[in-house]
$ cat my_file-v3.txt   # compact mmCIF, C-alpha atoms
# COMPACT_ATOMS: atom_id res chain seq x y z
CA MET C 1 -19.93 -5.39 1.94
CA LEU C 2 -19.86 -1.93 3.49
CA ASN C 3 -18.87 -1.65 7.13
CA GLN C 4 -20.27 1.89 7.30
CA PRO C 5 -22.99 3.73 5.32
CA LEU C 6 -21.68 5.68 2.33
CA ASP C 7 -22.80 9.01 3.77
CA ILE C 8 -20.66 8.31 6.84
CA ILE C 9 -17.63 7.25 4.77
CA PHE C 10 -17.97 10.24 2.41
CA PRO C 11 -19.84 12.95 4.33
CA GLU C 12 -18.92 15.95 2.15
CA VAL C 13 -18.56 14.81 -1.46
CA PRO C 14 -17.16 17.58 -3.71
CA ASN C 15 -19.33 18.80 -6.59
CA ASP C 16 -17.00 17.30 -9.19
CA ILE C 17 -17.66 13.75 -7.92
CA ASP C 18 -20.92 11.83 -8.35
CA ILE C 19 -21.12 9.41 -5.45
CA ASN C 20 -23.86 7.53 -7.32
CA GLU C 21 -21.21 6.35 -9.78
CA LEU C 22 -19.62 4.21 -7.07
CA ASP C 23 -20.82 0.62 -7.35
CA ILE C 24 -20.47 -0.88 -3.88
CA ASP C 25 -20.84 -4.36 -5.37
CA ASN C 26 -17.84 -3.89 -7.67
CA LEU C 27 -15.11 -2.66 -5.34
CA PRO C 28 -11.56 -3.99 -5.71
CA THR C 29 -10.51 -6.74 -3.33
CA HIS C 30 -6.91 -5.53 -3.17
CA VAL C 31 -5.81 -1.92 -3.64
CA SER C 32 -2.12 -1.07 -3.80
CA ILE C 33 -0.64 2.41 -3.59
CA ILE C 34 2.72 3.90 -4.54
CA MET C 35 2.69 6.78 -2.06
CA ASP C 36 4.77 9.35 -3.93
CA GLY C 37 5.31 13.09 -3.59
CA ASN C 38 6.10 13.64 0.09
CA GLY C 39 9.40 15.36 -0.65
CA ARG C 40 7.95 17.67 -3.29
CA TRP C 41 5.03 18.53 -1.00
CA ALA C 42 7.49 19.58 1.70
CA LYS C 43 9.68 21.53 -0.73
CA LEU C 44 6.69 23.55 -1.92
CA ARG C 45 6.28 24.64 1.70
CA GLY C 46 9.95 25.40 2.25
CA LYS C 47 10.34 22.43 4.58
CA LYS C 48 12.67 19.42 4.74
CA ARG C 49 11.61 16.18 3.11
CA LEU C 50 10.87 14.51 6.44
CA PHE C 51 8.16 17.10 7.03
CA GLY C 52 6.40 15.68 3.97
CA HIS C 53 6.89 12.08 5.05
CA ASN C 54 5.33 12.90 8.39
CA ALA C 55 2.40 14.65 6.71
CA GLY C 56 1.85 11.56 4.57
CA ARG C 57 0.87 9.64 7.72
CA ASN C 58 -2.47 11.45 7.71
CA SER C 59 -3.22 10.32 4.16
CA LEU C 60 -2.37 6.72 4.96
CA ARG C 61 -4.52 6.79 8.09
CA GLU C 62 -7.46 8.15 6.07
CA VAL C 63 -7.10 5.65 3.24
CA VAL C 64 -6.81 2.72 5.66
CA ARG C 65 -9.95 3.79 7.51
CA CYS C 66 -11.83 4.45 4.27
CA SER C 67 -10.79 1.09 2.79
CA SER C 68 -11.87 -0.70 5.96
CA ASP C 69 -15.25 1.06 5.99
CA LEU C 70 -15.80 0.15 2.34
CA GLY C 71 -15.03 -3.50 3.03
CA ILE C 72 -11.90 -3.62 0.88
CA LYS C 73 -9.97 -6.64 2.11
CA TYR C 74 -6.34 -5.84 1.26
CA LEU C 75 -4.40 -2.58 1.11
CA SER C 76 -0.69 -2.60 0.24
CA CYS C 77 1.41 0.56 0.36
CA TYR C 78 4.90 1.17 -0.99
CA SER C 79 6.65 2.82 1.95
CA PHE C 80 10.40 2.24 1.52
CA SER C 81 12.15 0.60 -1.42
CA THR C 82 15.46 -1.25 -1.61
CA GLU C 83 16.68 1.73 -3.66
CA ASN C 84 15.73 4.27 -0.98
CA TRP C 85 18.89 3.42 0.99
CA ALA C 86 20.68 5.66 -1.52
CA ARG C 87 18.89 8.73 -0.16
CA PRO C 88 20.73 11.12 2.19
CA LYS C 89 21.63 9.45 5.48
CA GLU C 90 19.71 12.06 7.46
CA GLU C 91 16.52 11.31 5.56
CA VAL C 92 16.90 7.53 5.87
CA ALA C 93 17.58 7.77 9.61
CA GLY C 94 14.58 10.04 9.98
CA LEU C 95 12.37 7.58 8.11
CA MET C 96 13.48 4.71 10.32
CA GLU C 97 12.58 6.77 13.39
CA LEU C 98 9.29 7.83 11.80
CA PHE C 99 8.35 4.23 11.00
CA ALA C 100 8.88 3.15 14.61
CA LYS C 101 7.11 6.20 16.03
CA SER C 102 4.15 5.93 13.65
CA ILE C 103 3.57 2.21 14.15
CA LEU C 104 3.62 2.50 17.93
CA ALA C 105 1.32 5.55 17.82
CA GLU C 106 -1.24 3.96 15.48
CA MET C 107 -1.09 0.39 16.77
CA ASP C 108 -3.89 0.49 19.33
CA GLU C 109 -6.29 2.23 16.96
CA LEU C 110 -5.53 -0.22 14.16
CA HIS C 111 -6.05 -3.14 16.52
CA LYS C 112 -9.31 -1.64 17.77
CA ASN C 113 -10.51 -1.49 14.14
CA ASN C 114 -9.64 -5.17 13.54
CA VAL C 115 -6.80 -4.41 11.09
CA LYS C 116 -4.26 -7.13 10.41
CA ILE C 117 -0.70 -6.27 9.34
CA LYS C 118 1.46 -8.26 6.93
CA ILE C 119 4.94 -7.00 6.07
CA VAL C 120 5.95 -7.06 2.41
CA GLY C 121 9.74 -6.85 2.27
CA ASP C 122 12.81 -7.61 4.38
CA ILE C 123 12.98 -5.56 7.57
CA SER C 124 16.13 -7.29 8.86
CA ARG C 125 18.27 -4.36 7.66
CA PHE C 126 16.28 -1.85 9.70
CA PRO C 127 17.48 -0.59 13.11
CA GLN C 128 16.40 -2.93 15.91
CA LYS C 129 14.01 -0.33 17.30
CA THR C 130 12.18 -0.16 13.97
CA GLN C 131 12.14 -3.94 13.56
CA ASP C 132 10.72 -4.31 17.06
CA ALA C 133 7.92 -1.85 16.31
CA PHE C 134 6.90 -3.68 13.14
CA ASN C 135 7.09 -7.08 14.84
CA LYS C 136 5.08 -5.88 17.83
CA ALA C 137 2.29 -4.63 15.56
CA VAL C 138 2.23 -7.84 13.53
CA GLU C 139 2.05 -9.95 16.68
CA MET C 140 -0.64 -7.83 18.32
CA MET C 141 -2.92 -7.99 15.27
CA LYS C 142 -2.18 -11.47 13.99
CA ASN C 143 -5.63 -12.83 14.84
CA ASN C 144 -7.61 -9.86 13.52
CA THR C 145 -10.04 -10.54 10.69
CA GLY C 146 -10.54 -7.13 9.10
CA ILE C 147 -8.62 -5.41 6.33
CA VAL C 148 -5.05 -6.64 5.81
CA LEU C 149 -2.67 -3.67 5.72
CA MET C 150 0.57 -4.52 3.94
CA PRO C 151 3.37 -1.95 4.19
CA ALA C 152 6.05 -2.67 1.59
CA VAL C 153 9.27 -1.78 3.41
CA ASN C 154 12.81 -2.44 2.24
CA TYR C 155 11.03 -3.90 -0.75
CA GLY C 156 12.16 -4.23 -4.35
CA SER C 157 10.40 -6.50 -6.80
CA ARG C 158 13.54 -7.73 -8.55
CA ASP C 159 15.02 -8.58 -5.16
CA GLU C 160 11.81 -10.39 -4.20
CA ILE C 161 11.78 -12.45 -7.40
CA LEU C 162 15.46 -13.40 -7.08
CA ARG C 163 14.88 -14.47 -3.47
CA ALA C 164 11.88 -16.51 -4.55
CA VAL C 165 13.82 -18.19 -7.38
CA GLY C 166 16.59 -19.17 -4.97
CA ALA C 167 14.17 -20.48 -2.36
CA TYR C 168 12.16 -22.43 -4.92
CA ALA C 169 15.32 -23.99 -6.41
CA LYS C 170 16.31 -25.31 -2.97
CA ASP C 171 12.98 -27.07 -2.60
CA HIS C 172 12.30 -28.25 -6.16
CA SER C 173 14.07 -29.34 -9.31
CA GLU C 174 11.16 -29.10 -11.74
CA GLN C 175 9.84 -26.03 -13.55
CA PRO C 176 7.36 -24.20 -11.28
CA SER C 177 3.81 -23.28 -12.17
CA GLU C 178 2.76 -19.68 -11.54
CA GLU C 179 0.75 -20.84 -8.53
CA GLU C 180 3.67 -22.75 -6.99
CA PHE C 181 6.14 -19.94 -7.60
CA SER C 182 3.79 -17.36 -6.07
CA LYS C 183 4.00 -19.21 -2.76
CA TYR C 184 7.63 -18.06 -2.47
CA LEU C 185 6.80 -14.37 -2.80
CA TYR C 186 6.14 -12.02 0.12
CA THR C 187 2.50 -11.94 -0.96
CA ASP C 188 1.85 -15.66 -0.58
CA ASN C 189 -1.89 -16.28 -0.10
CA ILE C 190 -2.69 -12.65 -0.98
CA PRO C 191 -4.67 -11.96 -4.17
CA ASP C 192 -2.93 -9.79 -6.75
CA PRO C 193 -3.84 -6.09 -6.68
CA ASP C 194 -6.92 -5.19 -8.68
CA LEU C 195 -6.03 -1.50 -8.63
CA LEU C 196 -2.61 0.17 -8.40
CA ILE C 197 -2.69 3.87 -7.55
CA ARG C 198 0.33 6.12 -7.97
CA THR C 199 0.28 9.66 -6.62
CA SER C 200 2.34 12.69 -7.75
CA GLY C 201 1.95 12.07 -11.49
CA GLU C 202 5.04 9.94 -12.06
CA MET C 203 4.45 7.43 -14.87
CA ARG C 204 6.51 4.46 -13.72
CA ILE C 205 6.24 1.34 -11.57
CA SER C 206 9.48 1.86 -9.59
CA ASN C 207 10.34 -1.82 -9.09
CA TYR C 208 7.09 -2.48 -7.23
CA LEU C 209 5.18 -5.78 -7.26
CA LEU C 210 6.24 -6.54 -10.84
CA TRP C 211 4.95 -10.11 -10.66
CA GLN C 212 1.75 -9.27 -8.82
CA ILE C 213 0.53 -6.32 -10.92
CA ALA C 214 0.60 -8.16 -14.25
CA TYR C 215 -3.11 -7.43 -14.76
CA SER C 216 -3.75 -4.67 -12.24
CA GLU C 217 -5.57 -1.55 -13.38
CA LEU C 218 -3.30 1.50 -13.11
CA TYR C 219 -4.48 4.88 -11.88
CA VAL C 220 -2.09 7.85 -11.78
CA THR C 221 -3.00 11.16 -10.20
CA ASP C 222 -1.01 14.41 -10.04
CA THR C 223 -2.06 14.80 -6.40
CA LEU C 224 0.90 14.59 -4.04
CA TRP C 225 0.56 11.92 -1.38
CA PRO C 226 0.03 14.25 1.64
CA ASP C 227 -2.91 15.81 -0.27
CA PHE C 228 -4.46 12.44 -1.17
CA ASP C 229 -7.64 12.18 0.89
CA ARG C 230 -10.69 9.91 0.84
CA TYR C 231 -12.25 11.91 -2.00
CA GLU C 232 -9.17 11.49 -4.19
CA TYR C 233 -9.42 7.82 -3.29
CA LEU C 234 -13.08 7.83 -4.30
CA LYS C 235 -12.11 9.22 -7.73
CA ALA C 236 -9.66 6.35 -8.18
CA LEU C 237 -12.26 3.75 -7.23
CA ILE C 238 -14.84 5.19 -9.63
CA ALA C 239 -12.26 5.29 -12.43
CA TYR C 240 -11.37 1.65 -11.72
CA GLN C 241 -15.00 0.60 -12.01
CA LYS C 242 -15.24 2.14 -15.47
CA ARG C 243 -12.50 -0.17 -16.80
CA ASN C 244 -13.17 -3.38 -18.71
CA ARG C 245 -10.79 -5.96 -17.27
CA ARG C 246 -10.21 -8.54 -20.01
CA TYR C 247 -7.05 -10.28 -18.74
CA GLY C 248 -5.76 -10.69 -22.29
CA GLY C 249 -9.12 -11.83 -23.64
CA VAL C 250 -11.68 -9.99 -25.72

$ encode --input "my_file-v3.txt" --output "structure tokens"
Amino acid sequence: MLNQPLDIIFPEVPNDIDINELDIDNLPTHVSIIMDGNGRWAKLRGKKRLFGHNAGRNSLREVVRCSSDLGIKYLSCYSFSTENWARPKEEVAGLMELFAKSILAEMDELHKNNVKIKIVGDISRFPQKTQDAFNKAVEMMKNNTGIVLMPAVNYGSRDEILRAVGAYAKDHSEQPSEEEFSKYLYTDNIPDPDLLIRTSGEMRISNYLLWQIAYSELYVTDTLWPDFDRYEYLKALIAYQKRNRRYGGV
């Protein structure tokens, strides 16, 4: 169910997109995005990588607002992986500062728009300032009933699955069902992604939601994340709706 009219959500549709192809009754429930290409975007402009990460905030803000207006219920975004600690210390420190700054800056607006935040990943390794910012946002918006925004931070799918196996083994001795095991993942009570979008043209999953995306539709675009706007998002949604999701059937 749309929360805004389509002409308000997409006021200036480019000529290469037919807005009439979008079926508002067949939108994904859960969209997930691997937000890739910030560093390359910055390099093309002769800037440091953090310049690109900061620019990517605008894309995330736009996609969150667009998703909310369309009535999409869940939006998960790969923001920082367990492997990203291997990046240069300056970049990692800058990202930690950017996370805290961005969350605190966007928090009131997100709350005003009824957004709920659920963290996917283990933030205990983050600096206390960054942990506090995430926790403050989660607490402020815990009773909101709109779109659930799920930043995946210090997240790696293999790490998640191993944690879940260990936790399940402590509680049970029998073989788990898929439903029981899923309760031990970060995404407990969250439906699996219907659509996984990856920006920047890279053709890999990068250790992201390996359990959850078993039957997600994949959409890869060459567009770098800071250039990914609501119209690029619209292209992905239209492409998704043209798929025939068979879940292994015929």

$ closest_atom_pairs --input "my_file-v3.txt" --of "region 114-207 of chain C" --to "region 11-34 of chain C" --cutoff "6 Å" --atoms "only C-alpha atoms" --output "JSON lines"
{"residue": "C:Pro193", "atom": "CA", "partner": "C:His30", "partner_atom": "CA", "distance": 4.7}
{"residue": "C:Asp194", "atom": "CA", "partner": "C:His30", "partner_atom": "CA", "distance": 5.5}
{"residue": "C:Leu195", "atom": "CA", "partner": "C:Val31", "partner_atom": "CA", "distance": 5.0}
{"residue": "C:Leu196", "atom": "CA", "partner": "C:Ser32", "partner_atom": "CA", "distance": 4.8}
{"residue": "C:Ile197", "atom": "CA", "partner": "C:Ile33", "partner_atom": "CA", "distance": 4.7}
{"residue": "C:Arg198", "atom": "CA", "partner": "C:Ile34", "partner_atom": "CA", "distance": 4.7}

$ atom_distance --input "my_file-v3.txt" --atom1 "CA of Val138 (chain C)" --atom2 "CA of Gly52 (chain C)"
25.7 Å

$ residues_near_point --input "my_file-v3.txt" --point "(7.4, 15.7, -5.3)" --cutoff "12 Å" --atoms "only C-alpha atoms" --output "VMD selection string"
chain C and resid 35 to 45 48 to 49 52 to 53 199 to 202 222 to 227

$ atom_distance --input "my_file-v3.txt" --atom1 "CA of Tyr186 (chain C)" --atom2 "CA of Leu237 (chain C)"
25.3 Å

$ axis_aligned_box --input "my_file-v3.txt" --around "region 233-244 of chain C" --padding-each-side "3 Å" --output "lines of an AutoDock Vina configuration file"
center_x = -12.3
center_y = 2.9
center_z = -11.0
size_x = 11.8
size_y = 18.6
size_z = 21.4

$ residues_near_point --input "my_file-v3.txt" --point "(-4.8, 6.6, 8.6)" --cutoff "12 Å" --atoms "all atoms listed in the file" --output "number ranges by chain"
C: 54-68, 75, 77, 102-103, 105-107, 109-110, 113, 115, 149, 226, 228-230

$ atom_distance --input "my_file-v3.txt" --atom1 "CA of Arg246 (chain C)" --atom2 "CA of Met203 (chain C)"
22.3 Å

$ closest_residue --input "my_file-v3.txt" --among "C:Asn114, C:Asn143, C:Ser182, C:Thr82" --to "Gly156 (chain C)" --atoms "only C-alpha atoms"
C:Thr82

$ residues_around --input "my_file-v3.txt" --residues "Tyr184 (chain C)" --least-positions-apart "6" --cutoff "10 Å" --atoms "all atoms listed in the file" --output "list of chain:residue names"
C:Glu160, C:Ile161, C:Arg163, C:Ala164, C:Val165, C:Gly166, C:Ala167, C:Tyr168

$ residues_around --input "my_file-v3.txt" --residues "Leu104 (chain C)" --least-positions-apart "2" --cutoff "12 Å" --atoms "all atoms listed in the file" --output "ChimeraX atom specification"
/C:97-102,106-111,129-138,140

$ decode --input "my_file-v3.txt" --residues "region 12-53 of chain C" --atoms "N, CA and C atoms" --output "mmCIF file, in the first residue's frame"
data_model
loop_
_atom_site.group_PDB
_atom_site.id
_atom_site.type_symbol
_atom_site.label_atom_id
_atom_site.label_comp_id
_atom_site.auth_asym_id
_atom_site.auth_seq_id
_atom_site.Cartn_x
_atom_site.Cartn_y
_atom_site.Cartn_z
ATOM 1 N N GLU C 12 9.917 13.182 -11.491
ATOM 2 C CA GLU C 12 10.560 13.479 -12.775
ATOM 3 C C GLU C 12 11.152 12.212 -13.372
ATOM 4 N N VAL C 13 10.291 11.309 -13.836
ATOM 5 C CA VAL C 13 10.739 10.017 -14.340
ATOM 6 C C VAL C 13 11.489 10.192 -15.657
ATOM 7 N N PRO C 14 12.719 9.683 -15.761
ATOM 8 C CA PRO C 14 13.477 9.789 -17.019
ATOM 9 C C PRO C 14 12.761 9.092 -18.173
ATOM 10 N N ASN C 15 13.088 9.510 -19.389
ATOM 11 C CA ASN C 15 12.418 8.972 -20.577
ATOM 12 C C ASN C 15 12.672 7.488 -20.797
ATOM 13 N N ASP C 16 13.774 6.961 -20.230
ATOM 14 C CA ASP C 16 14.086 5.550 -20.456
ATOM 15 C C ASP C 16 13.370 4.625 -19.459
ATOM 16 N N ILE C 17 12.504 5.186 -18.609
ATOM 17 C CA ILE C 17 11.747 4.386 -17.651
ATOM 18 C C ILE C 17 10.256 4.615 -17.875
ATOM 19 N N ASP C 18 9.499 3.534 -17.936
ATOM 20 C CA ASP C 18 8.045 3.621 -18.051
ATOM 21 C C ASP C 18 7.442 3.349 -16.676
ATOM 22 N N ILE C 19 7.001 4.398 -16.018
ATOM 23 C CA ILE C 19 6.454 4.266 -14.673
ATOM 24 C C ILE C 19 5.244 3.345 -14.640
ATOM 25 N N ASN C 20 4.555 3.207 -15.787
ATOM 26 C CA ASN C 20 3.373 2.344 -15.849
ATOM 27 C C ASN C 20 3.731 0.860 -15.720
ATOM 28 N N GLU C 21 5.021 0.544 -15.871
ATOM 29 C CA GLU C 21 5.450 -0.845 -15.700
ATOM 30 C C GLU C 21 5.518 -1.254 -14.231
ATOM 31 N N LEU C 22 5.509 -0.278 -13.334
ATOM 32 C CA LEU C 22 5.587 -0.592 -11.908
ATOM 33 C C LEU C 22 4.223 -1.026 -11.399
ATOM 34 N N ASP C 23 4.158 -2.248 -10.892
ATOM 35 C CA ASP C 23 2.928 -2.793 -10.333
ATOM 36 C C ASP C 23 2.944 -2.566 -8.826
ATOM 37 N N ILE C 24 2.154 -1.630 -8.360
ATOM 38 C CA ILE C 24 2.193 -1.280 -6.932
ATOM 39 C C ILE C 24 1.625 -2.397 -6.053
ATOM 40 N N ASP C 25 0.971 -3.370 -6.672
ATOM 41 C CA ASP C 25 0.446 -4.503 -5.908
ATOM 42 C C ASP C 25 1.418 -5.680 -5.870
ATOM 43 N N ASN C 26 2.586 -5.506 -6.471
ATOM 44 C CA ASN C 26 3.557 -6.603 -6.538
ATOM 45 C C ASN C 26 4.949 -6.114 -6.142
ATOM 46 N N LEU C 27 4.997 -5.259 -5.134
ATOM 47 C CA LEU C 27 6.286 -4.760 -4.657
ATOM 48 C C LEU C 27 6.903 -5.750 -3.672
ATOM 49 N N PRO C 28 8.221 -5.819 -3.614
ATOM 50 C CA PRO C 28 8.859 -6.723 -2.643
ATOM 51 C C PRO C 28 8.550 -6.291 -1.217
ATOM 52 N N THR C 29 8.467 -7.273 -0.335
ATOM 53 C CA THR C 29 8.283 -6.974 1.088
ATOM 54 C C THR C 29 9.604 -6.533 1.715
ATOM 55 N N HIS C 30 10.678 -7.201 1.316
ATOM 56 C CA HIS C 30 12.003 -6.942 1.885
ATOM 57 C C HIS C 30 13.002 -6.738 0.749
ATOM 58 N N VAL C 31 13.587 -5.561 0.701
ATOM 59 C CA VAL C 31 14.660 -5.249 -0.247
ATOM 60 C C VAL C 31 15.965 -5.169 0.529
ATOM 61 N N SER C 32 17.008 -5.772 -0.018
ATOM 62 C CA SER C 32 18.326 -5.702 0.599
ATOM 63 C C SER C 32 19.318 -5.147 -0.415
ATOM 64 N N ILE C 33 20.263 -4.354 0.062
ATOM 65 C CA ILE C 33 21.195 -3.686 -0.842
ATOM 66 C C ILE C 33 22.636 -3.848 -0.370
ATOM 67 N N ILE C 34 23.494 -4.291 -1.279
ATOM 68 C CA ILE C 34 24.944 -4.240 -1.058
ATOM 69 C C ILE C 34 25.401 -2.912 -1.649
ATOM 70 N N MET C 35 25.678 -1.963 -0.773
ATOM 71 C CA MET C 35 25.963 -0.581 -1.198
ATOM 72 C C MET C 35 27.448 -0.466 -1.552
ATOM 73 N N ASP C 36 27.774 -0.697 -2.804
ATOM 74 C CA ASP C 36 29.172 -0.807 -3.226
ATOM 75 C C ASP C 36 29.532 0.313 -4.197
ATOM 76 N N GLY C 37 30.787 0.741 -4.133
ATOM 77 C CA GLY C 37 31.310 1.690 -5.118
ATOM 78 C C GLY C 37 31.644 3.059 -4.570
ATOM 79 N N ASN C 38 31.545 3.241 -3.259
ATOM 80 C CA ASN C 38 31.857 4.554 -2.679
ATOM 81 C C ASN C 38 33.302 4.971 -2.937
ATOM 82 N N GLY C 39 34.226 4.008 -2.741
ATOM 83 C CA GLY C 39 35.641 4.318 -2.922
ATOM 84 C C GLY C 39 35.977 4.677 -4.356
ATOM 85 N N ARG C 40 35.431 3.909 -5.297
ATOM 86 C CA ARG C 40 35.689 4.194 -6.717
ATOM 87 C C ARG C 40 35.078 5.533 -7.135
ATOM 88 N N TRP C 41 33.903 5.833 -6.595
ATOM 89 C CA TRP C 41 33.248 7.110 -6.892
ATOM 90 C C TRP C 41 34.137 8.267 -6.446
ATOM 91 N N ALA C 42 34.732 8.135 -5.247
ATOM 92 C CA ALA C 42 35.612 9.180 -4.745
ATOM 93 C C ALA C 42 36.895 9.282 -5.582
ATOM 94 N N LYS C 43 37.443 8.132 -5.941
ATOM 95 C CA LYS C 43 38.695 8.113 -6.717
ATOM 96 C C LYS C 43 38.511 8.803 -8.057
ATOM 97 N N LEU C 44 37.377 8.588 -8.683
ATOM 98 C CA LEU C 44 37.096 9.232 -9.973
ATOM 99 C C LEU C 44 37.092 10.752 -9.848
ATOM 100 N N ARG C 45 36.891 11.242 -8.647
ATOM 101 C CA ARG C 45 36.842 12.682 -8.395
ATOM 102 C C ARG C 45 38.091 13.194 -7.707
ATOM 103 N N GLY C 46 39.110 12.311 -7.621
ATOM 104 C CA GLY C 46 40.372 12.702 -7.028
ATOM 105 C C GLY C 46 40.294 12.918 -5.532
ATOM 106 N N LYS C 47 39.344 12.260 -4.883
ATOM 107 C CA LYS C 47 39.122 12.426 -3.455
ATOM 108 C C LYS C 47 39.475 11.145 -2.698
ATOM 109 N N LYS C 48 39.576 11.260 -1.376
ATOM 110 C CA LYS C 48 39.798 10.086 -0.534
ATOM 111 C C LYS C 48 38.520 9.268 -0.436
ATOM 112 N N ARG C 49 38.684 8.001 -0.074
ATOM 113 C CA ARG C 49 37.563 7.075 -0.033
ATOM 114 C C ARG C 49 36.438 7.542 0.907
ATOM 115 N N LEU C 50 36.809 8.175 2.010
ATOM 116 C CA LEU C 50 35.797 8.639 2.953
ATOM 117 C C LEU C 50 34.868 9.673 2.338
ATOM 118 N N PHE C 51 35.357 10.405 1.361
ATOM 119 C CA PHE C 51 34.512 11.354 0.641
ATOM 120 C C PHE C 51 33.366 10.609 -0.042
ATOM 121 N N GLY C 52 33.669 9.439 -0.590
ATOM 122 C CA GLY C 52 32.641 8.628 -1.236
ATOM 123 C C GLY C 52 31.673 8.036 -0.230
ATOM 124 N N HIS C 53 32.206 7.570 0.906
ATOM 125 C CA HIS C 53 31.327 7.017 1.937
ATOM 126 C C HIS C 53 30.341 8.079 2.427
#
